[in-house]
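Okay, so here's the structure we're looking at.
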Amino acid sequence: MREVGRKQGTVSPCAACKLLRRRCAQDCIFAPYFPADEPQKFANVHKVFGASNVSKLLQELPAHHRGDAVSSLVYEANARVRDPVYGCVGAISSLQRQIESLQTQLAVVQAEMVRLRMRHAACLAHLGSRAPTALGAASASTTGSSSMPSPKQLQVIAPEQHAARSVFALDMVVVDQTSLGEPPMWSC
C-alpha cells in the first residue's frame with residue numbers, strides 16, 4: 001500500500017515508528033500523517049496525548065477525517081508544549097483580548113470622527129448664518145463706519161482654494177484676520 005517509503009524492498013519507518021523504536025508495518029496507521037522527515041510533529045503529539053490514544057483515535061475515525069484530526073492534534077500538542085498550563089486555550093484567550101482591545105480603539109476613533117463631523121457641520125452652519133451680516137457690515141464700512149472691518153479683512157478662503165487637506169477629509173475654512181491685528185486662525 002505504501003510505495004513511497006520503500007528502499008530496495010524495505011519500508012522506511014515513519015516518524016512515529018522511529019520514535020517508538022518499532023518496525024513500521026505496511027498498514028501503519030501513523031505513516032500517512034507522520035512522515036519520517038518531520039519527527040518533531042509526532043514527538044509533541046506523543047508527549048501530550050500518547051501514541052496509544054492517538055492510534056485508537058485514528059482507527060475510530062473514517063479515513064477522510066483522519067488528516068483533519070491529525071492537524072488538530074498537532075496544533076493542540078504544539079500549543080501545549082509552548083504553554084503547558086493553558087495550551088491552545090491560552091492562545092485563543094490572548095487573541096480574544098486583542099480583538100476586544102482593537103474593537104475599543106475602533107469605537108473611540110469612530111466616536112471622534114462623528115464628533116469632528118458634527119463640529120464641522122456646526123461651523124459651516126455658523127458661517128452660513130454669519131455671511132449675510134458680514135456682507136452688511138462690509139457695505140456699512142464703505143458708507144463711512146470706521147469701526148467695521150473692510151471686505152478685505154472679512155475675506156473667506158474657499159475650501160477648494162486651500163492647498164492643505166484635513167486628515168479626515170473635512171473641509172476647513174480660513175478667515176484672513178491679519179489686518180485685524182490677530183494671527184490667522186481656523187474658523188470654529
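Just remember, in the C-alpha cells the first chain shown is A, the second B, etc., residues are 1-based per chain, and ligands are 1-based in the order shown.
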Counting only C-alpha atoms, what is within 8 Å of segment 23-25 of chain A, bar same-chain residues fewer than 6 positions away, as a PDB file with C-alpha atoms, in the first residue's frame?
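Generated file (selection-v3.pdb):
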ATOM      1  CA  VAL A  11       9.968   0.158   4.222  1.00  0.00           C
ATOM      2  CA  SER A  12      11.421   3.358   5.659  1.00  0.00           C
ATOM      3  CA  PRO A  13       9.861   3.813   9.102  1.00  0.00           C
ATOM      4  CA  CYS A  14       7.557   6.743   9.724  1.00  0.00           C
ATOM      5  CA  CYS A  17       7.661   4.130  14.443  1.00  0.00           C
ATOM      6  CA  ALA A  31       2.664   6.523   8.316  1.00  0.00           C
TER       7      ALA A  31
END
Close residues, segment 82-97 of chain A itself excluded, 12 Å, only C-alpha atoms, min 6 positions apart in chain, as a CSV table (one decimal) with C-alpha atoms, in the first residue's frame:
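To be explicit, this is the file written out as part32.csv:
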chain,number,residue,atom,x,y,z
A,44,ASN,CA,4.9,16.6,20.5
A,47,LYS,CA,4.3,13.7,24.5
A,48,VAL,CA,0.9,15.3,25.1
A,72,SER,CA,-5.8,19.4,15.1
A,73,LEU,CA,-3.8,17.1,17.4
A,74,VAL,CA,-0.5,18.6,16.1
A,75,TYR,CA,-1.8,22.1,16.7
A,76,GLU,CA,-3.0,21.3,20.2
A,103,GLN,CA,-12.7,47.0,18.9
A,104,THR,CA,-12.4,49.5,21.7
- Message: Taking 2 positions as the minimum chain separation for residues in the same chain, which residues sit within 12 Å of segment 53-57 of chain A when counting only C-alpha atoms? Answer as number ranges by chain.
- Response: A: 16-17, 28-31, 33-34, 42-51, 59-63, 65-67, 69-70, 72-74, 77
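Here atom CA of Pro39 of chain A is placed at a distance of 14.4 Å from atom CA of Arg22 of chain A.
Nearest to Asn78 of chain A of all the residues A:Gln40, A:His64, A:Ser129, A:Gln110 is A:Gln40, based on only C-alpha atoms.
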